[in-house]
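The file structure14.txt contains compact mmCIF, C-alpha atoms:
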```
# COMPACT_ATOMS: atom_id res chain seq x y z
CA MET A 1 -16.20 25.65 58.16
CA HIS A 2 -17.31 28.22 55.62
CA ARG A 3 -16.05 27.47 52.15
CA PRO A 4 -14.70 30.25 49.98
CA GLN A 5 -17.59 31.91 48.17
CA PHE A 6 -17.24 33.54 44.79
CA ALA A 7 -19.19 36.75 45.30
CA LEU A 8 -20.00 37.55 41.70
CA GLY A 9 -20.96 41.11 40.97
CA ARG A 10 -18.65 42.95 43.37
CA GLY A 11 -15.19 42.93 41.91
CA LEU A 12 -15.78 44.88 38.69
CA ARG A 13 -17.24 47.93 40.41
CA ARG A 14 -13.87 49.34 41.30
CA LEU A 15 -11.89 49.83 38.14
CA ALA A 16 -8.78 52.01 37.87
CA PRO A 17 -9.55 55.38 39.47
CA SER A 18 -9.51 58.57 37.51
CA PRO A 19 -7.00 61.25 38.57
CA SER A 20 -9.79 63.19 40.25
CA SER A 21 -10.60 60.22 42.48
CA ARG A 22 -7.14 60.17 44.06
CA ARG A 23 -6.45 62.56 46.91
CA GLY A 24 -3.04 63.25 48.33
CA TYR A 25 -3.96 62.18 51.87
CA VAL A 26 -5.78 59.37 53.64
CA THR A 27 -8.13 60.22 56.49
CA ASP A 28 -9.04 58.09 59.50
CA ALA A 29 -12.51 57.75 58.02
CA ASP A 30 -11.01 56.40 54.79
CA VAL A 31 -9.05 53.80 56.74
CA GLU A 32 -12.02 52.76 58.86
CA SER A 33 -14.19 52.36 55.75
CA ALA A 34 -11.46 50.32 54.05
CA ARG A 35 -11.06 48.14 57.15
CA ARG A 36 -14.81 47.46 57.28
CA TYR A 37 -14.79 46.48 53.61
CA CYS A 38 -11.88 44.06 53.99
CA LEU A 39 -13.27 42.50 57.16
CA THR A 40 -16.64 42.01 55.51
CA GLN A 41 -14.96 40.26 52.60
CA LEU A 42 -13.15 37.90 54.96
CA HIS A 43 -16.27 37.20 57.01
CA THR A 44 -18.35 36.29 53.97
CA SER A 45 -15.78 34.71 51.66
CA ASP A 46 -12.77 33.52 53.71
CA TYR A 47 -14.07 32.56 57.12
CA ASP A 48 -10.84 30.81 58.09
CA ALA A 49 -8.92 34.07 57.66
CA HIS A 50 -11.70 35.93 59.47
CA LEU A 51 -11.09 33.73 62.52
CA ILE A 52 -7.28 33.69 62.36
CA ARG A 53 -7.00 37.47 62.01
CA ARG A 54 -8.17 37.82 65.61
CA PHE A 55 -5.12 35.89 66.81
CA VAL A 56 -2.33 37.50 64.79
CA PRO A 57 -0.51 40.28 66.68
CA PRO A 58 -2.69 43.44 66.76
CA PRO A 59 -0.15 45.63 64.88
CA VAL A 60 -0.30 43.17 61.96
CA GLN A 61 -4.06 42.67 61.77
CA ASP A 62 -4.63 45.38 59.16
CA ALA A 63 -1.85 44.03 56.94
CA TYR A 64 -3.25 40.52 57.30
CA ALA A 65 -6.78 41.63 56.40
CA ALA A 66 -5.56 43.60 53.37
CA LEU A 67 -3.44 40.70 52.07
CA ARG A 68 -6.24 38.15 52.44
CA ALA A 69 -8.80 40.49 50.87
CA LEU A 70 -6.39 41.08 47.98
CA ASN A 71 -6.06 37.33 47.53
CA LEU A 72 -9.86 37.05 47.37
CA GLU A 73 -10.05 39.70 44.66
CA LEU A 74 -7.42 37.91 42.60
CA VAL A 75 -9.08 34.51 43.08
CA ARG A 76 -12.40 35.92 41.85
CA LEU A 77 -11.04 37.39 38.63
CA PRO A 78 -11.47 34.25 36.49
CA GLU A 79 -15.14 34.25 37.52
CA LEU A 80 -15.66 37.87 36.61
CA VAL A 81 -13.87 38.48 33.32
CA SER A 82 -15.12 37.37 29.94
CA ASN A 83 -11.78 37.03 28.14
CA PRO A 84 -8.04 36.90 28.89
CA THR A 85 -7.46 40.47 27.70
CA ILE A 86 -9.81 41.89 30.32
CA GLY A 87 -8.22 39.63 32.90
CA ALA A 88 -4.76 40.93 32.00
CA LEU A 89 -6.02 44.52 32.30
CA ARG A 90 -7.45 43.82 35.74
CA MET A 91 -4.16 42.31 36.85
CA LYS A 92 -2.33 45.34 35.49
CA PHE A 93 -4.67 47.56 37.48
CA TRP A 94 -3.87 45.67 40.66
CA GLN A 95 -0.11 45.71 40.06
CA GLU A 96 -0.11 49.45 39.35
CA SER A 97 -2.39 50.15 42.32
CA LEU A 98 -0.10 48.20 44.62
CA ASP A 99 3.00 49.89 43.19
CA ASN A 100 1.41 53.28 43.94
CA THR A 101 0.45 52.11 47.41
CA PHE A 102 4.03 51.14 48.25
CA ALA A 103 5.18 54.47 46.78
CA GLY A 104 2.90 56.33 49.21
CA ARG A 105 0.17 57.19 46.66
CA PRO A 106 -2.65 54.70 47.31
CA PRO A 107 -5.65 54.84 44.98
CA ARG A 108 -9.14 55.18 46.43
CA GLU A 109 -9.46 51.41 46.71
CA PRO A 110 -10.24 49.80 50.10
CA ILE A 111 -7.57 47.10 50.00
CA CYS A 112 -4.87 49.54 48.96
CA LEU A 113 -5.92 52.08 51.59
CA LEU A 114 -5.77 49.52 54.40
CA LEU A 115 -2.45 48.17 53.17
CA TYR A 116 -1.09 51.74 53.03
CA LYS A 117 -2.15 52.32 56.64
CA ALA A 118 -0.47 49.05 57.67
CA LEU A 119 2.74 50.08 55.90
CA GLN A 120 2.67 53.48 57.60
CA ASP A 121 2.25 51.86 61.00
CA LEU A 122 5.08 49.43 60.27
CA GLU A 123 7.39 52.29 59.29
CA GLN A 124 6.67 54.04 62.58
CA ARG A 125 7.42 50.84 64.52
CA ALA A 126 10.44 49.50 62.65
CA GLY A 127 11.54 51.88 59.91
CA SER A 128 11.14 51.41 56.16
CA ALA A 129 13.64 48.60 55.53
CA THR A 130 11.12 45.75 55.63
CA LYS A 131 8.72 47.42 53.17
CA LYS A 132 10.83 46.12 50.26
CA SER A 133 10.34 42.57 51.47
CA ILE A 134 6.55 42.94 51.74
CA ARG A 135 6.44 44.47 48.27
CA PHE A 136 8.37 41.50 46.88
CA TRP A 137 5.93 38.99 48.39
CA VAL A 138 2.83 40.91 47.29
CA SER A 139 4.17 41.21 43.75
CA ARG A 140 4.86 37.48 43.65
CA LEU A 141 1.32 36.75 44.79
CA VAL A 142 -0.16 38.91 42.00
CA LYS A 143 2.11 37.45 39.31
CA THR A 144 1.32 33.88 40.38
CA ARG A 145 -2.42 34.53 40.36
CA GLU A 146 -2.07 36.03 36.89
CA ARG A 147 -0.31 32.91 35.59
CA HIS A 148 -3.12 30.72 36.89
CA MET A 149 -6.08 32.79 35.76
CA ASP A 150 -7.09 30.30 33.06
CA ASN A 151 -7.77 27.53 35.62
CA ARG A 152 -5.64 24.96 33.81
CA PRO A 153 -4.88 21.76 35.75
CA TYR A 154 -1.44 21.58 37.35
CA THR A 155 0.93 19.39 35.38
CA SER A 156 2.12 17.54 38.48
CA LEU A 157 1.79 17.38 42.23
CA GLY A 158 5.12 19.22 42.39
CA SER A 159 3.76 22.10 40.30
CA LEU A 160 0.74 22.33 42.63
CA GLU A 161 3.16 22.64 45.54
CA GLY A 162 4.98 25.39 43.66
CA TYR A 163 1.69 27.26 43.20
CA ALA A 164 0.94 26.89 46.92
CA GLU A 165 4.41 28.16 47.86
CA ASN A 166 3.96 31.23 45.64
CA THR A 167 0.50 32.06 47.01
CA TYR A 168 -0.38 30.81 50.48
CA SER A 169 3.19 30.51 51.81
CA THR A 170 3.90 33.89 50.25
CA MET A 171 1.00 35.52 52.10
CA MET A 172 2.41 34.12 55.32
CA TYR A 173 5.88 35.49 54.50
CA ALA A 174 4.35 38.93 53.85
CA THR A 175 2.48 38.81 57.16
CA LEU A 176 5.65 37.83 59.02
CA ALA A 177 7.53 40.67 57.31
CA SER A 178 4.80 43.04 58.53
CA MET A 179 5.62 42.23 62.16
CA PRO A 180 8.57 42.54 61.22
CA LEU A 181 10.13 39.10 61.72
CA ARG A 182 12.83 37.55 59.56
CA SER A 183 13.64 34.05 60.75
CA MET A 184 14.72 31.06 58.69
CA HIS A 185 13.01 28.59 61.01
CA ILE A 186 9.70 30.49 61.06
CA ASP A 187 9.79 30.93 57.27
CA HIS A 188 10.52 27.21 56.98
CA LEU A 189 7.42 26.42 59.06
CA ALA A 190 5.39 28.90 57.00
CA SER A 191 6.56 27.25 53.78
CA HIS A 192 5.23 23.82 54.81
CA ILE A 193 2.01 25.22 56.27
CA GLY A 194 1.39 27.42 53.22
CA LYS A 195 1.92 24.48 50.86
CA ALA A 196 -0.67 22.50 52.81
CA CYS A 197 -3.10 25.45 52.71
CA GLY A 198 -2.67 25.90 48.96
CA ILE A 199 -3.30 22.23 48.27
CA VAL A 200 -6.35 22.29 50.55
CA ALA A 201 -7.69 25.35 48.69
CA VAL A 202 -7.56 23.38 45.42
CA LEU A 203 -9.37 20.42 47.00
CA ARG A 204 -12.01 22.73 48.47
CA GLY A 205 -12.55 24.33 45.10
CA ILE A 206 -13.38 21.08 43.27
CA PRO A 207 -17.18 21.21 43.89
CA VAL A 208 -17.24 24.90 42.93
CA LEU A 209 -15.13 24.86 39.77
CA ALA A 210 -16.31 21.48 38.46
CA ALA A 211 -19.97 22.51 38.65
CA PRO A 212 -21.63 24.38 35.78
CA PRO A 213 -21.31 28.14 36.35
CA GLN A 214 -24.37 29.77 37.85
CA PRO A 215 -26.14 32.43 35.76
CA VAL A 216 -25.44 36.02 36.79
CA LYS A 217 -27.89 38.87 36.24
CA THR A 218 -26.78 42.20 34.83
CA PRO A 219 -28.14 45.43 36.38
CA SER A 220 -30.76 45.49 33.60
CA GLY A 221 -32.03 42.07 34.65
CA LEU A 222 -30.61 40.15 31.68
CA ASP A 223 -28.45 37.04 31.99
CA ALA A 224 -24.77 37.92 31.79
CA PRO A 225 -22.62 35.87 29.41
CA ILE A 226 -21.03 32.77 30.93
CA THR A 227 -17.40 33.67 31.60
CA ARG A 228 -15.95 30.25 32.37
CA GLU A 229 -16.23 26.57 31.64
CA PRO A 230 -16.15 23.92 34.38
CA SER A 231 -12.60 23.03 35.39
CA LEU A 232 -10.74 20.50 37.50
CA LEU A 233 -7.41 21.59 38.97
CA LEU A 234 -6.14 18.26 40.25
CA PRO A 235 -2.60 17.50 39.05
CA LEU A 236 -2.53 15.76 35.68
CA ASP A 237 -0.04 13.12 36.82
CA VAL A 238 -2.31 12.08 39.70
CA MET A 239 -5.37 12.09 37.44
CA ALA A 240 -3.57 9.86 34.94
CA GLU A 241 -2.44 7.43 37.64
CA GLU A 242 -5.98 7.09 39.02
CA GLY A 243 -7.80 7.14 35.66
CA VAL A 244 -9.71 10.37 36.34
CA LYS A 245 -11.26 12.10 33.33
CA GLU A 246 -12.37 15.70 33.53
CA GLU A 247 -15.58 15.21 31.56
CA GLU A 248 -16.68 12.38 33.83
CA VAL A 249 -16.17 14.58 36.88
CA PHE A 250 -18.17 17.39 35.23
CA ARG A 251 -21.01 14.98 34.41
CA GLN A 252 -20.96 12.59 37.36
CA GLY A 253 -19.46 14.65 40.16
CA PRO A 254 -18.42 12.48 43.12
CA ASN A 255 -19.33 9.30 41.23
CA ALA A 256 -16.63 9.85 38.59
CA PRO A 257 -14.27 6.83 38.50
CA GLY A 258 -11.00 7.39 40.33
CA LEU A 259 -11.88 10.83 41.73
CA GLN A 260 -11.78 9.88 45.40
CA ASP A 261 -8.49 8.00 44.94
CA ALA A 262 -6.96 11.05 43.26
CA VAL A 263 -8.25 13.36 46.00
CA PHE A 264 -6.80 11.00 48.62
CA LYS A 265 -3.37 11.13 46.98
CA VAL A 266 -3.36 14.94 46.79
CA ALA A 267 -4.74 15.30 50.33
CA THR A 268 -1.98 13.00 51.59
CA ARG A 269 0.65 15.42 50.29
CA ALA A 270 -1.02 18.31 52.14
CA ASN A 271 -1.16 16.23 55.31
CA ASP A 272 2.53 15.34 54.92
CA HIS A 273 3.40 19.04 55.00
CA LEU A 274 1.35 19.53 58.19
CA ILE A 275 3.01 16.52 59.83
CA THR A 276 6.42 17.92 58.89
CA ALA A 277 5.50 21.33 60.35
CA ARG A 278 4.34 19.74 63.63
CA GLU A 279 7.52 17.69 63.95
CA MET A 280 9.63 20.76 63.18
CA LEU A 281 7.78 22.85 65.74
CA LYS A 282 8.32 20.23 68.44
CA ARG A 283 12.03 19.94 67.67
CA LEU A 284 12.56 23.70 67.60
CA LYS A 285 10.79 24.21 70.92
CA GLU A 286 13.08 21.57 72.42
CA GLY A 287 16.12 23.47 71.19
CA GLN A 288 16.97 21.03 68.40
CA ASP A 289 17.53 21.68 64.70
CA PRO A 290 14.46 21.37 62.44
CA GLY A 291 15.52 17.96 61.13
CA HIS A 292 15.95 18.97 57.49
CA ASP A 293 17.16 21.92 55.44
CA PHE A 294 14.95 24.77 54.24
CA GLU A 295 14.80 24.30 50.48
CA HIS A 296 14.30 28.02 49.79
CA GLU A 297 17.17 29.31 51.92
CA GLY A 298 19.33 31.71 49.90
CA GLU A 299 16.56 32.64 47.46
CA ALA A 300 15.27 36.21 47.16
CA GLU A 301 14.08 37.50 50.56
CA HIS A 302 15.14 34.21 52.17
CA ILE A 303 18.58 35.43 53.22
CA TYR A 304 19.11 35.43 56.96
CA GLY A 305 21.60 36.77 59.47
CA GLU A 306 22.73 35.21 62.70
CA GLU A 307 20.46 32.81 64.57
CA SER A 308 18.27 34.35 67.23
CA ASP A 309 15.94 33.13 69.99
CA THR A 310 13.81 30.58 68.11
CA VAL A 311 11.44 29.89 71.01
CA ARG A 312 10.69 33.60 71.34
CA GLU A 313 10.13 33.86 67.57
CA ILE A 314 7.71 30.92 67.65
CA ARG A 315 5.71 32.60 70.39
CA GLN A 316 5.77 35.91 68.52
CA SER A 317 4.63 34.42 65.20
CA PHE A 318 2.30 31.66 66.36
CA GLY A 319 -0.85 33.54 65.36
CA VAL A 320 0.37 33.48 61.76
CA LEU A 321 1.22 29.77 61.95
CA LEU A 322 -2.40 29.05 62.96
CA GLU A 323 -3.18 28.84 59.22
CA ALA A 324 -2.34 25.15 59.72
CA VAL A 325 -5.43 24.56 61.86
CA PRO A 326 -8.24 25.12 59.31
CA ALA A 327 -6.25 23.11 56.74
CA ALA A 328 -5.92 20.20 59.17
CA GLN A 329 -9.60 20.43 60.08
CA PHE A 330 -10.63 20.30 56.42
CA LEU A 331 -8.44 17.26 55.78
CA GLU A 332 -10.03 15.47 58.73
CA ASN A 333 -13.51 16.32 57.45
CA LEU A 334 -12.47 15.14 53.98
CA GLU A 335 -11.30 11.84 55.43
CA LYS A 336 -14.64 11.41 57.22
CA ALA A 337 -16.35 11.93 53.84
CA ASN A 338 -14.17 9.15 52.36
CA PHE A 339 -12.31 11.74 50.28
CA ASP A 340 -15.42 12.87 48.44
CA PRO A 341 -14.90 16.66 48.15
CA PHE A 342 -18.59 17.11 47.31
CA ALA A 343 -19.62 15.65 50.71
CA VAL A 344 -17.34 17.54 53.13
CA LYS A 345 -19.32 19.01 56.02
CA SER A 346 -18.67 22.31 57.75
CA SER A 347 -16.79 22.21 61.04
CA GLY A 348 -19.15 24.75 62.59
CA TRP A 349 -18.18 25.77 66.13
CA ARG A 350 -15.37 23.21 66.26
CA LEU A 351 -13.00 25.29 64.11
CA PRO A 352 -12.83 28.44 66.31
CA TRP A 353 -12.55 26.19 69.36
CA ARG A 354 -9.70 24.24 67.77
CA ILE A 355 -7.89 27.44 66.76
CA TRP A 356 -8.10 28.72 70.34
CA GLN A 357 -6.84 25.39 71.71
CA SER A 358 -3.94 25.38 69.27
CA LEU A 359 -2.96 28.90 70.25
CA SER A 360 -3.23 28.29 74.00
CA LYS A 361 -1.12 25.11 73.80
CA GLU A 362 1.20 26.36 71.03
CA ARG A 363 0.54 23.16 69.11
CA LEU A 364 -0.43 22.72 65.47
```

Could you render the structure from this file as structure tokens?
Amino acid sequence: MHRPQFALGRGLRRLAPSPSSRRGYVTDADVESARRYCLTQLHTSDYDAHLIRRFVPPPVQDAYAALRALNLELVRLPELVSNPTIGALRMKFWQESLDNTFAGRPPREPICLLLYKALQDLEQRAGSATKKSIRFWVSRLVKTRERHMDNRPYTSLGSLEGYAENTYSTMMYATLASMPLRSMHIDHLASHIGKACGIVAVLRGIPVLAAPPQPVKTPSGLDAPITREPSLLLPLDVMAEEGVKEEEVFRQGPNAPGLQDAVFKVATRANDHLITAREMLKRLKEGQDPGHDFEHEGEAEHIYGEESDTVREIRQSFGVLLEAVPAAQFLENLEKANFDPFAVKSSGWRLPWRIWQSLSKERL
């Protein structure tokens, strides 16, 4: 399994475009160039998404690639900015760029161009009604990333789950809306799977964020200023229970007292969400109720009409639900490493094979 890589030196090249850089039309060549850019980003920096994209329905693949590439750009920002003011400006750029994209005026930015094309295709297939829903989810993703730019630890395991719901679950909701598919049961599955993915992303990031930042060269060959300090994003309540101290993790890495116990406790919560999703999926395919209520039902964009054919919706959306597979594979590899996040080995060929098996059997 390829871990997320922080490709320093790319993100700041594309600042807010000048009026002269924005044309009133988007050509096929523009879209193809934007698609290549986004796919390259996924291949090099989010290999899980690179694999899963191949299995989401073809009409949604551009939207999926744009959303995941956008997430990468937002994740990288803390690595690339030297102070909170610049970070806030970059976030403002992204929010304004996305607002213009949804308004039909995309800037000359690859992610926005590909998203614009996906929205156009969606409108041709299903009208413009679902665009509002996608815009809501994308805006929530940007706002959540902005709130967490300073890499502060989460106050509790519950707050980490809230972060995961507002990022990884939210990307899944946006992808489902791009199909378009509005289903309480599928959103419920996506909520649990997204929470697991968000928690796994934090665990994966421990060796990256806790290590001293690597020096970055400027175009003139000089060392760029260090833009971040080492950080540890494990929930504070879990760290307190297990006696984990940030400074000891920064100095001692995997040998820090209590670290593996804390990682085990957090990983267990992610695994619980995957177990719940598997049990729900089995019950729904058997024609039963999911076994528990959807906690977000009735919230914004989680308002549903009459029940429909759940089995058909599962089959239609299963490519999106495959996000559960890389998360489960990472947790298994973490267990094999005795919950030492610094010692997790890549899954290699096993991950694409497991994704294909999961899809062919419709099992998570």

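Contact shell of A:Gly104 at 12 Å (only C-alpha atoms; same-chain neighbours under 5 positions omitted): Arg22, Arg23, Gly24, Tyr25, Val26, Ser97, Leu98, Asp99, Cys112, Leu113, Leu115, Tyr116, Lys117, Ala118, Leu119, Gln120, Glu123, Ser128 and Lys131 of chain A.
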
Include C-alpha atoms and write out the residues we just selected as a tab-separated table (two decimals), in the coordinates of the input.
```tsv
chain	number	residue	atom	x	y	z
A	22	ARG	CA	-7.14	60.17	44.06
A	23	ARG	CA	-6.45	62.56	46.91
A	24	GLY	CA	-3.04	63.25	48.33
A	25	TYR	CA	-3.96	62.18	51.87
A	26	VAL	CA	-5.78	59.37	53.64
A	97	SER	CA	-2.39	50.15	42.32
A	98	LEU	CA	-0.10	48.20	44.62
A	99	ASP	CA	3.00	49.89	43.19
A	112	CYS	CA	-4.87	49.54	48.96
A	113	LEU	CA	-5.92	52.08	51.59
A	115	LEU	CA	-2.45	48.17	53.17
A	116	TYR	CA	-1.09	51.74	53.03
A	117	LYS	CA	-2.15	52.32	56.64
A	118	ALA	CA	-0.47	49.05	57.67
A	119	LEU	CA	2.74	50.08	55.90
A	120	GLN	CA	2.67	53.48	57.60
A	123	GLU	CA	7.39	52.29	59.29
A	128	SER	CA	11.14	51.41	56.16
A	131	LYS	CA	8.72	47.42	53.17
```

Report, as JSON, the centre and edge lengths in Å (one decimal) of the axis-aligned box enclosing every listed atom of stretch 123-128 of chain A, padded by 5 Å on each side.
```
{"center_x": 9.1, "center_y": 51.8, "center_z": 60.3, "size_x": 14.9, "size_y": 14.5, "size_z": 18.4}
```

Using only C-alpha atoms, find each residue in stretch 88-153 of chain A having at least one atom no more than 8 Å away from stretch 163-170 of chain A; report its shortest atom-to-atom pair and that distance in Å (one decimal), rows by chain then rising number, as JSON lines.
```
{"residue": "A:Trp137", "atom": "CA", "partner": "A:Thr170", "partner_atom": "CA", "distance": 5.8}
{"residue": "A:Val138", "atom": "CA", "partner": "A:Thr170", "partner_atom": "CA", "distance": 7.7}
{"residue": "A:Arg140", "atom": "CA", "partner": "A:Asn166", "partner_atom": "CA", "distance": 6.6}
{"residue": "A:Leu141", "atom": "CA", "partner": "A:Thr167", "partner_atom": "CA", "distance": 5.3}
{"residue": "A:Thr144", "atom": "CA", "partner": "A:Asn166", "partner_atom": "CA", "distance": 6.5}
{"residue": "A:Arg145", "atom": "CA", "partner": "A:Thr167", "partner_atom": "CA", "distance": 7.7}
```

Just the residues within 10 Å of stretch 50-63 of chain A, please, counting only C-alpha atoms, with nothing from its chain fewer than 2 positions along; format it as JSON, numbers by chain. {"A": [31, 34, 35, 38, 39, 40, 41, 42, 43, 44, 45, 46, 47, 48, 65, 66, 67, 68, 69, 111, 114, 115, 116, 117, 118, 119, 121, 122, 125, 134, 174, 175, 176, 177, 178, 179, 180, 316, 317, 318, 319, 320, 321, 322, 323, 325, 326, 351, 352, 355, 356, 359]}

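The spacing separating atom CA of A:Glu299 from atom CA of A:Ala49 amounts to 27.5 Å.
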
Hey, which of A:Lys265, A:His185, A:Lys132, A:His273 ends up closest to A:Asp309? Count only C-alpha atoms. A:His185

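Atom pair atom CA of A:Ser347 / atom CA of A:Val208: separated by 18.3 Å.
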
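We find atom CA of A:Arg135 and atom CA of A:Asn100 to be spaced 11.0 Å apart.
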
Counting all atoms listed in the file, the residue of A:Trp349, A:Phe339, A:Tyr304, A:Phe264 that sits nearest A:Arg182: A:Tyr304

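Considering the residues A:Ala300, A:Ala267, A:Leu281, A:Leu234 and counting only C-alpha atoms, A:Asn338 has its shortest atom-to-atom contact with A:Ala267.
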
Using all atoms listed in the file: which of A:Thr27, A:Ser139, A:Ser191, A:Ser183 has the shortest distance to A:Arg312: A:Ser183

Using all atoms listed in the file, find the one residue out of A:His296, A:Arg354, A:Arg251, A:Lys361 that sits nearest to A:Lys282. A:Lys361

I'd like to know which of A:Pro110, A:Gly305, A:Pro257, A:Gly205 is closest to A:Ala29, using only C-alpha atoms. A:Pro110

Residues around (-14.7, 14.9, 35.2), cut-off 9 Å, counting only C-alpha atoms - what are they as a list of chain:residue names? A:Ala210, A:Ser231, A:Leu232, A:Val244, A:Lys245, A:Glu246, A:Glu247, A:Glu248, A:Val249, A:Phe250, A:Arg251, A:Gln252, A:Gly253, A:Ala256, A:Pro257, A:Leu259
